[in-house]
Amino acid sequence: MDIPSSYRQSSGKRKPSKKGGSKPQLFDDTSQSVQSPPPLGYGPPQAGFMDPSQGNQSFGAGHQGAPAWGHQQFPGQQLFNDPMANMAMQYGSSLAGQGKDLVNKNLEKYVSTSKLKYYFAVDTSYVAKKLMTLFFPFTKKDWSIKFNQDQPVAPRFDENAPDLYIPVMAFVTYILVSGVVLGTQERFTPEHLGMQASTALVWLIIELVAVMLSLYIMNLTTDLKYMDILAYIGYKFVGMIFILLGGMLFQSTGFYGLLVWFSLTIIFFLVRTLKVQILPHTQGEEHHGHGTKRSLYLIVTISLMQPVLMWWLTRHIVFAK
Amino acid sequence: MAFGLYSLIEAVILCLNAVCVLHEERFLSKIGWGTDQRGFGEQPGIKTQIMNLVRSIRTVMRIPLIGINVVVILFMLVMG
């Protein structure tokens with residue numbers, strides 16, 4: 001019974017807007033007809049949609065009760081177009097709403113869009129702090145995540161929370177910078193951008209799947225969602241941008257110098273961050289040595305993979321074969 | 001460096017095929033990776049988890065892989 005009432009309201013609203021120019025007295029009529037009790041013959045819009053004559057009759061009966069309807073000589077013809085159009089629109093919009101709900105629900109199941117927005121809740125001071133941490137993490141003292149870990153933490157409120165804003169922006173910038181570097185070497189073609197994006201994305205997916213698989217196989221219980229892992233392994237693109245720029249400006253000296261520096265920083269950053277994320281839950285349960293040792297191995301492996309991938313994804317851009 | 005998304009899909013399909021090919025009685029139980037040697041109540045180790053994974057992949061992907069393989073083979077025959 002939800003749909004007919006909203007339909008009635010919308011038809012009452014729409015009528016004056018359509019016909020108000022020629023017959024201004026219809027304003028009063030429609031307001032009265034809205035206040036009048038709902039006519040019995042309304043039914044769901046689907047029934048009216050399938051049988052236009054029936055819907056039309058019910059409409060005429062409903063509105064003829066209003067005193068100053070102005071077009072009583074042709075009630076059927078006058079009412080045929082407008083209510084039917086409204087009804088069809090209502091029906092269509094309800095269908096579209098159902099479809100949207102369905103899409104949202106299915107999207108929610110796979111991507112969890114409501115959680116996704118937390119990863120982009122950043123502000124300028126957070127981004128500045130995080131970038132400073134990525135450039136020079138060695139003096140940072142506090143690595144703990146302060147908020148409750150059951151629900152995602154907006155990075156705006158906690159600078160140690162993972163975000164996806166910096167990785168996504170760094171990824172796009174990496175693609176564009178690689179285009180610039182290729183352009184300075186006179187080997188830029190538009191296809192290169194797509195190839196770089198595809199290659200970097202593939203390695204990112206492989207790394208993500210490898211981390212998720214090893215988390216499963218080693219039977220480590222963590223609060224890390226795959227979005228968190230994606231964020232942590234995406235931070236390496238920040239360093240790769242500068243490695244590319246260093247390689248462009250200072251050739252191999254700049255390339256290797258910056259590669260070493262950013263390798264050290266990303267290893268330090270990831271070890272400190274993941275230690276907070278993975279370790280406490282194995283300590284919280286009854287202490288068995290395997291769990292902590294395994295998760296330490298995993299953290300070190302993830303961290304040591306980053307420099308290799310950074311080198312692998314920038315080497316072929318800076319140095320022509 | 002042409003390791004794009006299509007190559008990734010191919011690689012994933014090949015890996016899934018490789019897992020599905022492993023036979024329970026003829027191969028896995030002979031090297032001690034069968035399903036039956038498992039105790040309740042103890043923390044599942046790495047081997048158990050891998051066996052779980054292999055068995056789940058075989059259960060879930062066996063039927064869809066037939067269709068996927070046919071499509072990919074036809075695609076590669078046409079496109080070269």
# chains A, B, ... in the order shown; residues from 1 in each chain; ligands from 1

call {"tool": "interface_residues", "arguments": {"of": "chain B", "to": "chain A", "cutoff": "6 Å", "atoms": "only C-alpha atoms", "output": "ChimeraX atom specification"}}
result
/B:3-5,46,49-50

call {"tool": "write_last_selection", "arguments": {"atoms": "C-alpha atoms", "output": "compact mmCIF listing (two decimals), in the first residue's frame"}}
result
# COMPACT_ATOMS: atom_id res chain seq x y z
CA PHE B 3 52.40 -9.04 -18.66
CA GLY B 4 48.93 -7.61 -18.71
CA LEU B 5 45.59 -8.55 -17.28
CA ILE B 46 49.92 -25.39 7.27
CA GLN B 49 45.13 -25.59 5.35
CA ILE B 50 46.75 -26.33 2.00

call {"tool": "residues_around", "arguments": {"residues": "Val54 of chain B", "least_positions_apart": "3", "cutoff": "12 Å", "atoms": "only C-alpha atoms", "output": "list of chain:residue names"}}
result
A:Leu213, A:Ile217, B:Cys15, B:Leu16, B:Asn17, B:Ala18, B:Val19, B:Cys20, B:Val21, B:Leu22, B:His23, B:Glu24, B:Leu28, B:Trp33, B:Gly34, B:Thr35, B:Lys47, B:Thr48, B:Gln49, B:Ile50, B:Met51, B:Ile57, B:Arg58, B:Thr59, B:Val60, B:Met61, B:Arg62

call {"tool": "select_by_dssp", "arguments": {"residues": "chain B", "states": "alpha helix (DSSP H)", "output": "number ranges by chain"}}
result
B: 5-21, 46-79

call {"tool": "atom_distance", "arguments": {"atom1": "atom CA of Met240 of chain A", "atom2": "atom CA of Phe171 of chain A"}}
result
9.2 Å

call {"tool": "atom_distance", "arguments": {"atom1": "atom CA of Pro83 of chain A", "atom2": "atom CA of Val103 of chain A"}}
result
29.5 Å

call {"tool": "residues_around", "arguments": {"residues": "segment 254-269 of chain A", "least_positions_apart": "3", "cutoff": "8 Å", "atoms": "only C-alpha atoms", "output": "ChimeraX atom specification"}}
result
/A:133-138,235-236,239-240,242-244,246-251,272-273,303-304,306-307,310-311

call {"tool": "write_last_selection", "arguments": {"atoms": "C-alpha atoms", "output": "mmCIF file, in the first residue's frame"}}
result
data_model
loop_
_atom_site.group_PDB
_atom_site.id
_atom_site.type_symbol
_atom_site.label_atom_id
_atom_site.label_comp_id
_atom_site.auth_asym_id
_atom_site.auth_seq_id
_atom_site.Cartn_x
_atom_site.Cartn_y
_atom_site.Cartn_z
ATOM 1 C CA THR A 133 55.962 8.923 7.601
ATOM 2 C CA LEU A 134 56.581 7.278 4.264
ATOM 3 C CA PHE A 135 59.575 9.503 3.566
ATOM 4 C CA PHE A 136 61.166 9.289 6.991
ATOM 5 C CA PRO A 137 59.554 6.720 9.316
ATOM 6 C CA PHE A 138 62.539 6.200 11.600
ATOM 7 C CA TYR A 235 52.096 2.655 -0.398
ATOM 8 C CA LYS A 236 55.132 1.587 -2.355
ATOM 9 C CA GLY A 239 58.408 5.806 -3.401
ATOM 10 C CA MET A 240 58.325 4.556 -6.989
ATOM 11 C CA PHE A 242 60.396 9.535 -6.728
ATOM 12 C CA ILE A 243 62.591 6.693 -7.903
ATOM 13 C CA LEU A 244 61.374 7.323 -11.444
ATOM 14 C CA GLY A 246 65.443 10.440 -9.668
ATOM 15 C CA GLY A 247 66.255 8.090 -12.494
ATOM 16 C CA MET A 248 65.083 10.647 -15.011
ATOM 17 C CA LEU A 249 67.146 13.479 -13.542
ATOM 18 C CA PHE A 250 70.308 11.758 -12.329
ATOM 19 C CA GLN A 251 70.367 8.528 -14.331
ATOM 20 C CA ARG A 272 56.224 -1.405 12.262
ATOM 21 C CA THR A 273 52.677 -1.107 10.944
ATOM 22 C CA SER A 303 58.151 -6.080 3.638
ATOM 23 C CA LEU A 304 61.044 -7.567 1.698
ATOM 24 C CA GLN A 306 58.242 -4.369 -1.681
ATOM 25 C CA PRO A 307 61.761 -3.315 -2.777
ATOM 26 C CA MET A 310 59.616 -1.410 -6.713
ATOM 27 C CA TRP A 311 62.781 -2.266 -8.592
#

call {"tool": "atom_distance", "arguments": {"atom1": "atom CA of Ile278 of chain A", "atom2": "atom CA of Ser295 of chain A"}}
result
6.8 Å

call {"tool": "residues_around", "arguments": {"residues": "Ile229 of chain A", "least_positions_apart": "2", "cutoff": "9 Å", "atoms": "only C-alpha atoms", "output": "list of chain:residue names"}}
result
A:Pro162, A:Leu208, A:Val211, A:Met212, A:Leu224, A:Lys225, A:Tyr226, A:Met227, A:Ala231, A:Tyr232, A:Ile233, A:Gly234

call {"tool": "write_last_selection", "arguments": {"atoms": "N, CA and C atoms", "output": "PDB file, in the first residue's frame"}}
result
ATOM      1  N   PRO A 162      45.004   2.607   7.798  1.00  0.00           N
ATOM      2  CA  PRO A 162      45.282   2.530   6.370  1.00  0.00           C
ATOM      3  C   PRO A 162      44.251   3.316   5.578  1.00  0.00           C
ATOM      4  N   LEU A 208      48.572  -9.075  -3.727  1.00  0.00           N
ATOM      5  CA  LEU A 208      47.425  -9.146  -2.819  1.00  0.00           C
ATOM      6  C   LEU A 208      46.977 -10.581  -2.614  1.00  0.00           C
ATOM      7  N   VAL A 211      49.429 -12.521  -0.483  1.00  0.00           N
ATOM      8  CA  VAL A 211      49.334 -12.213   0.940  1.00  0.00           C
ATOM      9  C   VAL A 211      48.090 -12.849   1.544  1.00  0.00           C
ATOM     10  N   MET A 212      46.950 -12.751   0.823  1.00  0.00           N
ATOM     11  CA  MET A 212      45.729 -13.339   1.366  1.00  0.00           C
ATOM     12  C   MET A 212      45.865 -14.853   1.503  1.00  0.00           C
ATOM     13  N   LEU A 224      42.933  -7.850   9.407  1.00  0.00           N
ATOM     14  CA  LEU A 224      43.251  -7.238   8.116  1.00  0.00           C
ATOM     15  C   LEU A 224      42.219  -7.642   7.078  1.00  0.00           C
ATOM     16  N   LYS A 225      41.498  -6.661   6.553  1.00  0.00           N
ATOM     17  CA  LYS A 225      40.658  -6.925   5.398  1.00  0.00           C
ATOM     18  C   LYS A 225      41.533  -6.840   4.157  1.00  0.00           C
ATOM     19  N   TYR A 226      40.982  -7.277   3.037  1.00  0.00           N
ATOM     20  CA  TYR A 226      41.829  -7.211   1.849  1.00  0.00           C
ATOM     21  C   TYR A 226      42.041  -5.772   1.402  1.00  0.00           C
ATOM     22  N   MET A 227      41.116  -4.901   1.808  1.00  0.00           N
ATOM     23  CA  MET A 227      41.317  -3.481   1.513  1.00  0.00           C
ATOM     24  C   MET A 227      42.518  -2.935   2.274  1.00  0.00           C
ATOM     25  N   ALA A 231      45.866  -1.382   0.715  1.00  0.00           N
ATOM     26  CA  ALA A 231      46.416  -0.076   1.072  1.00  0.00           C
ATOM     27  C   ALA A 231      47.889  -0.192   1.422  1.00  0.00           C
ATOM     28  N   TYR A 232      48.237  -1.213   2.231  1.00  0.00           N
ATOM     29  CA  TYR A 232      49.630  -1.303   2.674  1.00  0.00           C
ATOM     30  C   TYR A 232      50.570  -1.619   1.529  1.00  0.00           C
ATOM     31  N   ILE A 233      50.142  -2.498   0.622  1.00  0.00           N
ATOM     32  CA  ILE A 233      51.052  -2.795  -0.479  1.00  0.00           C
ATOM     33  C   ILE A 233      50.963  -1.729  -1.556  1.00  0.00           C
ATOM     34  N   GLY A 234      50.010  -0.796  -1.434  1.00  0.00           N
ATOM     35  CA  GLY A 234      49.934   0.274  -2.418  1.00  0.00           C
ATOM     36  C   GLY A 234      50.800   1.470  -2.057  1.00  0.00           C
TER      37      GLY A 234
END

call {"tool": "residues_around", "arguments": {"residues": "Leu193 of chain A", "least_positions_apart": "4", "cutoff": "9 Å", "atoms": "only C-alpha atoms", "output": "list in words"}}
result
Ile175, Leu176, Ser178, Gly179, Phe188, Thr189, Ala197 and Ser198 of chain A
